[in-house]
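Just final-v9.tsv here, TSV, C-alpha atoms and all ligand atoms:
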```
chain	number	residue	atom	x	y	z
A	1348	MET	CA	-7.25	21.90	-11.40
A	1349	THR	CA	-9.38	18.77	-11.36
A	1350	LEU	CA	-12.12	17.83	-8.91
A	1351	VAL	CA	-12.77	14.09	-8.79
A	1352	ALA	CA	-15.75	12.73	-6.86
A	1353	GLN	CA	-15.28	9.15	-5.75
A	1354	ILE	CA	-18.47	7.26	-4.99
A	1355	THR	CA	-18.21	3.61	-4.05
A	1356	ASP	CA	-19.94	0.43	-2.97
A	1357	MET	CA	-23.41	1.31	-4.12
A	1358	HIS	CA	-24.57	-2.38	-4.10
A	1359	ILE	CA	-27.56	-1.62	-6.31
A	1360	ARG	CA	-30.25	-4.31	-6.25
A	1361	PRO	CA	-33.42	-4.42	-8.35
A	1362	SER	CA	-35.96	-1.75	-7.29
A	1363	GLY	CA	-37.71	-2.59	-4.03
A	1364	LYS	CA	-35.23	-5.28	-2.95
A	1365	LYS	CA	-33.37	-4.00	0.11
A	1366	ALA	CA	-29.81	-5.26	0.55
A	1367	TYR	CA	-29.57	-7.67	3.48
A	1368	GLY	CA	-33.19	-6.79	4.30
A	1369	VAL	CA	-32.11	-3.37	5.57
A	1370	VAL	CA	-30.44	-1.09	3.01
A	1371	ASP	CA	-32.45	0.71	0.32
A	1372	THR	CA	-29.41	1.05	-1.92
A	1373	GLU	CA	-31.37	2.61	-4.80
A	1374	ALA	CA	-32.70	5.44	-2.61
A	1375	MET	CA	-29.25	5.98	-1.07
A	1376	LEU	CA	-27.52	6.29	-4.44
A	1377	ARG	CA	-30.22	8.67	-5.66
A	1378	ALA	CA	-29.47	10.77	-2.56
A	1379	ALA	CA	-25.75	10.64	-3.38
A	1380	VAL	CA	-26.42	11.88	-6.91
A	1381	SER	CA	-28.51	14.74	-5.51
A	1382	ALA	CA	-25.72	15.61	-3.08
A	1383	LEU	CA	-23.14	15.67	-5.88
A	1384	LEU	CA	-25.35	17.97	-7.91
A	1385	ALA	CA	-25.69	20.29	-4.89
A	1386	GLU	CA	-21.93	20.57	-4.21
A	1387	SER	CA	-20.64	24.17	-4.16
A	1388	ARG	CA	-18.28	23.21	-6.94
A	1389	LEU	CA	-19.49	20.58	-9.39
A	1390	PRO	CA	-16.95	17.73	-9.78
A	1391	ASP	CA	-15.26	17.52	-13.17
A	1392	LEU	CA	-15.76	13.78	-13.19
A	1393	VAL	CA	-17.09	10.97	-11.03
A	1394	ILE	CA	-15.41	7.65	-10.45
A	1395	ALA	CA	-17.26	4.71	-8.93
A	1396	SER	CA	-14.83	2.28	-7.38
A	1397	GLY	CA	-16.67	-1.01	-7.52
A	1398	ASP	CA	-19.46	-3.04	-5.93
A	1399	LEU	CA	-21.62	-0.99	-8.25
A	1400	THR	CA	-24.33	-3.63	-7.96
A	1401	ASP	CA	-24.97	-6.31	-5.37
A	1402	CYS	CA	-25.11	-9.28	-7.74
A	1403	GLY	CA	-23.97	-8.04	-11.16
A	1404	LEU	CA	-27.39	-8.58	-12.80
A	1405	VAL	CA	-28.22	-6.78	-16.05
A	1406	GLU	CA	-31.34	-5.43	-14.37
A	1407	GLU	CA	-29.18	-3.92	-11.62
A	1408	TYR	CA	-26.81	-2.24	-14.11
A	1409	GLU	CA	-29.78	-0.83	-16.00
A	1410	LEU	CA	-31.14	0.63	-12.77
A	1411	LEU	CA	-27.66	1.98	-11.98
A	1412	ARG	CA	-27.56	3.72	-15.36
A	1413	ASP	CA	-30.95	5.27	-14.66
A	1414	ILE	CA	-29.85	6.54	-11.22
A	1415	LEU	CA	-26.60	8.06	-12.54
A	1416	GLN	CA	-28.29	9.64	-15.55
A	1417	PRO	CA	-28.79	13.15	-13.97
A	1418	LEU	CA	-25.00	13.59	-13.55
A	1419	PRO	CA	-23.82	15.93	-16.32
A	1420	MET	CA	-20.08	15.09	-15.98
A	1421	PRO	CA	-18.33	11.91	-17.18
A	1422	VAL	CA	-18.82	8.93	-14.84
A	1423	TYR	CA	-16.22	6.13	-14.87
A	1424	LEU	CA	-16.96	2.69	-13.43
A	1425	ILE	CA	-14.75	-0.18	-12.31
A	1426	PRO	CA	-15.93	-3.55	-11.04
A	1427	GLY	CA	-15.79	-4.89	-7.48
A	1428	ASN	CA	-16.26	-8.38	-6.12
A	1429	HIS	CA	-20.07	-8.00	-6.34
A	1430	ASP	CA	-19.96	-7.13	-10.05
A	1431	ARG	CA	-19.91	-9.22	-13.23
A	1432	ARG	CA	-17.69	-7.95	-15.99
A	1433	GLU	CA	-19.83	-9.28	-18.84
A	1434	ASN	CA	-23.00	-7.56	-17.64
A	1435	LEU	CA	-21.18	-4.32	-16.81
A	1436	ARG	CA	-19.82	-4.35	-20.36
A	1437	LEU	CA	-23.25	-5.12	-21.76
A	1438	VAL	CA	-24.93	-2.10	-20.17
A	1439	PHE	CA	-22.06	0.45	-20.01
A	1440	GLY	CA	-19.78	-0.67	-22.85
A	1441	GLY	CA	-21.33	1.88	-25.20
A	1442	ASP	CA	-19.93	4.73	-23.10
A	1443	GLY	CA	-16.61	4.11	-24.82
A	1444	TYR	CA	-14.04	3.93	-22.02
A	1445	LEU	CA	-14.40	0.27	-20.96
A	1446	PRO	CA	-12.21	-2.13	-22.96
A	1447	MET	CA	-14.51	-4.48	-24.91
A	1448	ASN	CA	-11.82	-7.08	-25.56
A	1449	GLY	CA	-9.57	-8.95	-23.18
A	1450	GLU	CA	-10.34	-10.17	-19.69
A	1451	PHE	CA	-9.90	-7.07	-17.53
A	1452	LEU	CA	-11.82	-3.81	-17.30
A	1453	HIS	CA	-8.90	-1.50	-16.68
A	1454	TYR	CA	-8.27	1.75	-18.56
A	1455	THR	CA	-6.84	5.25	-18.28
A	1456	VAL	CA	-8.54	8.65	-18.43
A	1457	GLU	CA	-6.33	11.13	-20.23
A	1458	ASP	CA	-8.37	14.29	-20.82
A	1459	GLN	CA	-7.86	15.96	-17.41
A	1460	PRO	CA	-4.70	17.57	-15.98
A	1461	LEU	CA	-4.75	14.71	-13.41
A	1462	ARG	CA	-4.28	11.36	-15.16
A	1463	LEU	CA	-6.48	8.50	-13.94
A	1464	VAL	CA	-5.50	4.84	-14.03
A	1465	ALA	CA	-8.42	2.50	-13.30
A	1466	LEU	CA	-7.61	-1.06	-12.21
A	1467	ASP	CA	-9.72	-4.21	-12.30
A	1468	THR	CA	-8.82	-6.33	-9.23
A	1469	VAL	CA	-11.71	-8.78	-9.52
A	1470	VAL	CA	-11.27	-12.53	-9.08
A	1471	PRO	CA	-14.64	-13.90	-10.31
A	1472	GLY	CA	-16.62	-15.64	-7.60
A	1473	LYS	CA	-14.27	-14.54	-4.81
A	1474	GLY	CA	-14.47	-11.80	-2.19
A	1475	HIS	CA	-10.78	-10.95	-2.36
A	1476	GLY	CA	-9.05	-9.21	-5.26
A	1477	GLU	CA	-5.72	-9.69	-6.96
A	1478	MET	CA	-3.09	-7.81	-8.93
A	1479	ASP	CA	-1.54	-10.79	-10.68
A	1480	ALA	CA	1.47	-10.64	-13.01
A	1481	ALA	CA	-0.59	-9.76	-16.09
A	1482	ARG	CA	-2.38	-6.90	-14.35
A	1483	LEU	CA	0.83	-5.60	-12.79
A	1484	ALA	CA	2.52	-5.62	-16.20
A	1485	TRP	CA	-0.35	-3.57	-17.61
A	1486	LEU	CA	-0.12	-1.09	-14.71
A	1487	ASP	CA	3.66	-0.80	-15.03
A	1488	ALA	CA	3.39	-0.20	-18.78
A	1489	ARG	CA	0.76	2.54	-18.34
A	1490	LEU	CA	2.76	4.25	-15.60
A	1491	GLY	CA	5.86	4.08	-17.77
A	1492	GLU	CA	4.10	5.99	-20.56
A	1493	GLN	CA	3.88	9.26	-18.63
A	1494	PRO	CA	6.29	9.17	-15.69
A	1495	ASP	CA	6.11	12.90	-14.96
A	1496	ARG	CA	2.38	13.45	-15.07
A	1497	PRO	CA	0.39	13.55	-11.78
A	1498	THR	CA	-1.45	10.24	-11.67
A	1499	PHE	CA	-4.30	8.93	-9.60
A	1500	ILE	CA	-4.88	5.17	-9.33
A	1501	PHE	CA	-8.26	3.83	-8.39
A	1502	MET	CA	-9.18	0.21	-7.68
A	1503	HIS	CA	-11.79	-1.68	-5.67
A	1504	HIS	CA	-9.78	-3.89	-3.29
A	1505	PRO	CA	-7.24	-2.03	-1.11
A	1506	PRO	CA	-3.71	-3.42	-1.56
A	1507	PHE	CA	-2.83	-2.18	1.96
A	1508	PRO	CA	-3.99	-3.21	5.45
A	1509	THR	CA	-6.69	-1.23	7.23
A	1510	GLY	CA	-6.85	-2.81	10.69
A	1511	LEU	CA	-10.33	-4.19	9.99
A	1512	GLN	CA	-9.33	-7.83	10.24
A	1513	HIS	CA	-12.23	-9.52	8.50
A	1514	MET	CA	-12.05	-7.05	5.59
A	1515	ASP	CA	-8.26	-7.26	5.32
A	1516	SER	CA	-8.64	-11.01	4.80
A	1517	ILE	CA	-10.40	-10.19	1.49
A	1518	ASN	CA	-8.04	-7.41	0.38
A	1519	CYS	CA	-6.11	-7.24	-2.90
A	1520	ARG	CA	-3.59	-10.09	-3.06
A	1521	ASN	CA	-0.06	-9.87	-4.42
A	1522	SER	CA	0.15	-6.39	-2.92
A	1523	PRO	CA	3.92	-6.47	-2.14
A	1524	ALA	CA	4.56	-6.84	-5.88
A	1525	MET	CA	2.17	-3.97	-6.60
A	1526	ALA	CA	3.91	-1.85	-3.95
A	1527	GLU	CA	7.20	-2.36	-5.80
A	1528	VAL	CA	5.68	-1.03	-9.02
A	1529	VAL	CA	3.99	1.91	-7.28
A	1530	ARG	CA	7.11	2.86	-5.35
A	1531	ARG	CA	9.03	3.26	-8.63
A	1532	HIS	CA	6.61	5.99	-9.75
A	1533	PRO	CA	6.70	9.00	-7.43
A	1534	ASN	CA	4.21	10.83	-9.65
A	1535	ILE	CA	1.40	8.68	-8.19
A	1536	GLU	CA	-0.66	11.07	-6.06
A	1537	ARG	CA	-2.90	8.49	-4.42
A	1538	VAL	CA	-4.24	4.94	-4.62
A	1539	ALA	CA	-7.97	5.34	-3.99
A	1540	CYS	CA	-10.03	2.26	-3.15
A	1541	GLY	CA	-13.46	1.06	-2.08
A	1542	HIS	CA	-14.54	-2.32	-0.66
A	1543	HIS	CA	-14.10	-1.50	3.04
A	1544	HIS	CA	-17.09	0.88	3.30
A	1545	ARG	CA	-15.28	3.39	5.54
A	1546	SER	CA	-13.08	6.48	5.11
A	1547	ILE	CA	-9.51	5.25	5.73
A	1548	GLN	CA	-6.06	6.75	4.99
A	1549	ILE	CA	-2.62	5.13	5.07
A	1550	ARG	CA	0.93	5.89	3.93
A	1551	TRP	CA	1.75	3.10	1.46
A	1552	ALA	CA	4.40	2.37	-1.16
A	1553	GLY	CA	5.65	5.97	-1.25
A	1554	THR	CA	2.21	7.44	-1.81
A	1555	ILE	CA	-1.13	7.69	0.03
A	1556	GLY	CA	-3.63	4.86	0.11
A	1557	SER	CA	-7.24	5.68	0.85
A	1558	VAL	CA	-10.64	4.06	1.06
A	1559	ALA	CA	-13.81	6.08	0.50
A	1560	PRO	CA	-16.94	5.58	2.59
A	1561	SER	CA	-19.86	3.81	0.95
A	1562	VAL	CA	-22.75	5.87	-0.36
A	1563	ALA	CA	-24.91	3.21	1.35
A	1564	HIS	CA	-24.03	1.12	4.46
A	1565	GLN	CA	-20.73	1.31	6.39
A	1566	VAL	CA	-18.67	-1.61	7.68
A	1567	LEU	CA	-18.61	-1.67	11.48
A	1568	LEU	CA	-15.60	0.19	12.92
A	1569	ASP	CA	-14.14	-2.56	15.09
A	1570	LEU	CA	-10.35	-2.67	15.37
A	1571	GLN	CA	-10.37	-5.75	17.60
A	1572	PRO	CA	-9.49	-9.04	15.89
A	1573	HIS	CA	-12.73	-10.79	14.94
A	1574	GLU	CA	-14.18	-12.72	12.05
A	1575	ASP	CA	-17.68	-11.23	11.88
A	1576	ALA	CA	-18.66	-9.11	8.91
A	1577	LEU	CA	-21.11	-6.53	10.26
A	1578	PHE	CA	-22.41	-3.24	8.90
A	1579	LYS	CA	-23.98	-0.15	10.40
A	1580	MET	CA	-26.13	2.68	9.02
A	1581	GLU	CA	-23.66	5.47	9.85
A	1582	PRO	CA	-23.88	8.64	7.72
A	1583	PRO	CA	-23.03	7.72	4.12
A	1584	GLY	CA	-20.64	9.82	2.08
A	1585	TYR	CA	-18.10	10.08	-0.71
A	1586	HIS	CA	-14.64	11.49	-1.26
A	1587	LEU	CA	-13.88	14.68	-3.15
A	1588	HIS	CA	-10.30	14.64	-4.48
A	1589	LEU	CA	-9.16	18.13	-5.44
A	1590	TRP	CA	-6.00	18.18	-7.53
A	1591	GLN	CA	-4.18	21.46	-8.09
A	1592	PRO	CA	-0.62	21.77	-9.40
A	1593	GLU	CA	0.71	23.65	-6.36
A	1594	SER	CA	-0.55	21.17	-3.76
A	1595	GLY	CA	-1.24	17.81	-5.38
A	1596	VAL	CA	-4.35	15.92	-4.34
A	1597	ILE	CA	-6.33	17.12	-1.31
A	1598	THR	CA	-9.09	14.75	-0.19
A	1599	HIS	CA	-12.29	15.70	1.62
A	1600	THR	CA	-15.12	13.54	2.91
A	1601	SER	CA	-18.57	14.86	2.02
A	1602	PHE	CA	-21.47	13.39	4.00
A	1603	ILE	CA	-24.82	12.71	2.36
A	1604	GLY	CA	-27.92	13.83	4.22
A	1605	GLN	CA	-29.75	16.78	5.70
A	1606	PHE	CA	-27.73	18.54	8.42
A	1607	ALA	CA	-28.44	21.79	10.31
A	1608	GLY	CA	-26.56	24.90	9.10
A	1609	PRO	CA	-24.53	26.47	7.62
A	1610	TYR	CA	-24.21	29.07	10.37
A	1611	PRO	CA	-21.93	32.16	10.55
A	1612	PHE	CA	-19.26	32.15	13.26
A	1613	LEU	CA	-21.03	34.70	15.48
A	1614	LEU	CA	-19.75	34.89	19.03
A	1615	ASP	CA	-21.84	35.28	22.13
A	1616	PRO	CA	-21.36	38.90	23.38
A	1617	ASP	CA	-21.48	37.62	27.00
A	1618	TYR	CA	-18.69	35.10	26.39
A	1619	PRO	CA	-14.91	35.92	26.45
A	1620	ALA	CA	-13.36	36.21	22.98
A	1621	PHE	CA	-9.77	36.53	21.74
A	1622	ASP	CA	-8.85	40.17	21.09
A	1623	ASP	CA	-7.61	39.61	17.56
A	1624	LYS	CA	-9.24	41.84	14.96
A	1625	GLU	CA	-7.83	39.85	12.06
A	1626	SER	CA	-8.77	36.35	13.18
A	1627	ALA	CA	-12.12	37.22	14.78
A	1628	PRO	CA	-13.60	40.19	12.92
A	1629	LEU	CA	-17.12	38.91	13.52
A	1630	ALA	CA	-16.57	38.85	17.28
A	1631	HIS	CA	-15.56	42.53	17.21
A	1632	ALA	CA	-18.48	43.44	15.01
A	1633	ASN	CA	-20.81	41.98	17.58
A	1634	ARG	CA	-19.40	43.57	20.72
A	1701	FE	FE	-18.91	-3.34	-1.00
A	1702	FE	FE	-16.20	-5.26	-2.24
```

Before anything else, please render the file you have as structure tokens.
Ligand SMILES: [Fe+2]
Ligand SMILES: [Fe+2]
Amino acid sequence: MTLVAQITDMHIRPSGKKAYGVVDTEAMLRAAVSALLAESRLPDLVIASGDLTDCGLVEEYELLRDILQPLPMPVYLIPGNHDRRENLRLVFGGDGYLPMNGEFLHYTVEDQPLRLVALDTVVPGKGHGEMDAARLAWLDARLGEQPDRPTFIFMHHPPFPTGLQHMDSINCRNSPAMAEVVRRHPNIERVACGHHHRSIQIRWAGTIGSVAPSVAHQVLLDLQPHEDALFKMEPPGYHLHLWQPESGVITHTSFIGQFAGPYPFLLDPDYPAFDDKESAPLAHANR
């Protein structure tokens, strides 16, 4: 069994500098870390699927490190279009999992029953991502190493459409070629992404594609064709991916914030209830 928490699109700016004049991304990530620590079952590891910072500044990565520091489990980072590989390497390279040579920051995590393959889709200076021939060859080679092991791919830019037109225009390019590679490996449990700042699921390339909500601001849910990029302060959250051998990966959305409850399922004695002792024992107890 492996429980993976996926946080994404933190867009950390230097302390006190709100993103777009609105979003206190530092406070929101600190709240996400508190929420992870309060989960009924502590995740075995945390993955952060890109747009870790808003501008890729060393100062922002140092603040990110400080915010993530209370997490006792391993935390794995990949870059998004708002990140800079060289500064990410500078601040987090010492953690040992990021490759320190070569162009791309992709790697595998091998010490859990669920194997993780982390992809770097970044095209420096651009909003869109890409899985070009070199990156696809790397992915294909890694997948070929362990064809029977349950495998979880995570990447920043979704290689599949989401119906959010302005975001789909900055998706991962060369996705049909990636789909060919993915389709050849039925052991891939899921392709988990960020970038779109919403919880989204799709059947894609013989597996499931998903996008996790941002721990900060959400992209406006607008399925009409339009070019505007707008965001909204809907409840932030993250995905919890539970892998168990008998079921594969099960994904839950966990919202960050203070909400009323939990409450027991007590029924109103003056309200009709189903007469089923097994399914409604509490109702009977309260008659
Ligand atoms: Fe983002
Ligand atoms: Fe992004």

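You can rank A:Ala1526, A:Val1469, A:Leu1614, A:Ala1488 by their closest distance to ligand FE 1702 (chain A) using all atoms listed in the file, and at the top of that list sits A:Val1469.
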
Shell of 9 Å around ligand FE 1702 (chain A) (only C-alpha atoms and all ligand atoms), written as JSON, numbers by chain: {"A": [1356, 1397, 1398, 1426, 1427, 1428, 1429, 1430, 1474, 1475, 1476, 1503, 1504, 1517, 1518, 1541, 1542, 1543, 1544]}

Expected file contents, prior selection, C-alpha atoms, as a PDB file, in the frame of the given file:
```
ATOM      1  CA  ASP A1356     -19.940   0.430  -2.970  1.00  0.00           C
ATOM      2  CA  GLY A1397     -16.670  -1.010  -7.520  1.00  0.00           C
ATOM      3  CA  ASP A1398     -19.460  -3.040  -5.930  1.00  0.00           C
ATOM      4  CA  PRO A1426     -15.930  -3.550 -11.040  1.00  0.00           C
ATOM      5  CA  GLY A1427     -15.790  -4.890  -7.480  1.00  0.00           C
ATOM      6  CA  ASN A1428     -16.260  -8.380  -6.120  1.00  0.00           C
ATOM      7  CA  HIS A1429     -20.070  -8.000  -6.340  1.00  0.00           C
ATOM      8  CA  ASP A1430     -19.960  -7.130 -10.050  1.00  0.00           C
ATOM      9  CA  GLY A1474     -14.470 -11.800  -2.190  1.00  0.00           C
ATOM     10  CA  HIS A1475     -10.780 -10.950  -2.360  1.00  0.00           C
ATOM     11  CA  GLY A1476      -9.050  -9.210  -5.260  1.00  0.00           C
ATOM     12  CA  HIS A1503     -11.790  -1.680  -5.670  1.00  0.00           C
ATOM     13  CA  HIS A1504      -9.780  -3.890  -3.290  1.00  0.00           C
ATOM     14  CA  ILE A1517     -10.400 -10.190   1.490  1.00  0.00           C
ATOM     15  CA  ASN A1518      -8.040  -7.410   0.380  1.00  0.00           C
ATOM     16  CA  GLY A1541     -13.460   1.060  -2.080  1.00  0.00           C
ATOM     17  CA  HIS A1542     -14.540  -2.320  -0.660  1.00  0.00           C
ATOM     18  CA  HIS A1543     -14.100  -1.500   3.040  1.00  0.00           C
ATOM     19  CA  HIS A1544     -17.090   0.880   3.300  1.00  0.00           C
TER      20      HIS A1544
END
```

Closest of A:Ser1396, A:Gly1403, A:Asp1413, A:Gly1440 to A:Pro1505 - atom-to-atom distances counting all atoms listed in the file: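 Using all atoms listed in the file, A:Pro1505 sits closest to A:Ser1396.
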
At a cut-off of 10 Å, using all atoms listed in the file, what residues contact A:Asp1391? Leave out same-chain residues fewer than 4 positions from it and give the result as a PyMOL selection string. chain A and resi 1348-1352+1419-1422+1459+1589

So, counting all atoms listed in the file, which residue among A:Arg1545, A:Arg1537, A:Arg1436, A:His1588 is closest to ligand FE 1701 (chain A)? A:Arg1545

Between atom CA of A:Arg1550 and atom CA of A:Phe1501, what is the distance, to one decimal in Å?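 Distance between the two atoms: 15.5 Å.
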
Counting only C-alpha atoms, I want the residues whose atoms come within 12 Å of (-11.5, -10.8, -19.3) in the file frame, returned as a VMD selection string. chain A and resid 1426 1431 to 1433 1435 to 1436 1445 to 1453 1467 to 1471 1481 to 1482

Work out how far atom CA of A:Ala1465 is from atom CA of A:Met1502, in Å to one decimal. 6.1 Å

Write out as a VMD selection string the residues lying within 9 Å of A:Leu1567, counting all atoms listed in the file and excluding same-chain residues fewer than 5 positions away. chain A and resid 1511 1544 to 1545 1576 to 1579 1581

I'd like to know which of A:Ile1359, A:Leu1483, A:Leu1437, A:Val1393 is closest to ligand FE 1701 (chain A), using all atoms listed in the file. A:Ile1359

Measuring between all atoms listed in the file, which one of A:Gly1553, A:Pro1560, A:Pro1582, A:Gly1472 shows the shortest distance to ligand FE 1701 (chain A)?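 Looking at the shortest contact to ligand FE 1701 (chain A), the residue is A:Pro1560.
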
Have a look at atom CA of A:Ala1379 and atom CA of A:Val1405 and let me know their distance in Å, one decimal. 21.7 Å

Which polymer residues, whether protein, DNA or RNA, lie within 12 Å of the coordinate (-26.0, 1.1, 1.9) when you count only C-alpha atoms? List them as a PyMOL selection string, using the chain letters and numbers from the file. chain A and resi 1354-1360+1365-1379+1398-1401+1544-1545+1560-1566+1578-1584+1603

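Compared by their closest atoms to ligand FE 1701 (chain A), and using all atoms listed in the file, the residues A:Ile1535, A:Gly1595, A:Cys1402, A:Pro1523 rank with A:Cys1402 nearest.
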
Which centre and edge lengths in Å to one decimal define the box along x, y and z that fits every listed atom of stretch 1398-1416 of chain A plus 5 Å per side, as AutoDock Vina command-line options?
```
--center_x -25.4 --center_y 0.2 --center_z -10.7 --size_x 21.9 --size_y 28.9 --size_z 20.7
```

I'd like the neighbourhood of A:Pro1592 as a short mmCIF file (atom, residue, chain, number, x, y, z; two decimals) with C-alpha atoms, keeping the file's coordinate frame, where a residue qualifies if any of its atoms comes within 12 Å (using all atoms listed in the file), though same-chain residues fewer than 4 positions away should be ignored.
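What ended up in around31.cif:
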```cif
data_model
loop_
_atom_site.label_atom_id
_atom_site.label_comp_id
_atom_site.auth_asym_id
_atom_site.auth_seq_id
_atom_site.Cartn_x
_atom_site.Cartn_y
_atom_site.Cartn_z
CA MET A 1348 -7.25 21.90 -11.40
CA THR A 1349 -9.38 18.77 -11.36
CA PRO A 1460 -4.70 17.57 -15.98
CA LEU A 1461 -4.75 14.71 -13.41
CA ARG A 1496 2.38 13.45 -15.07
CA PRO A 1497 0.39 13.55 -11.78
CA THR A 1498 -1.45 10.24 -11.67
CA ASN A 1534 4.21 10.83 -9.65
CA GLU A 1536 -0.66 11.07 -6.06
CA VAL A 1596 -4.35 15.92 -4.34
CA ILE A 1597 -6.33 17.12 -1.31
#
```

Would you mind listing what lies within 8 Å of A:Met1525 as a ChimeraX atom specification, with all atoms listed in the file counted and same-chain residues fewer than 2 positions away left out? /A:1478,1483,1506,1521-1523,1527-1529

Env of A:Leu1463: 8 Å cut, atoms = all atoms listed in the file, seq-sep filter 5 positions within chain, self excluded. Answer as a ChimeraX atom specification. /A:1455-1457,1498-1501
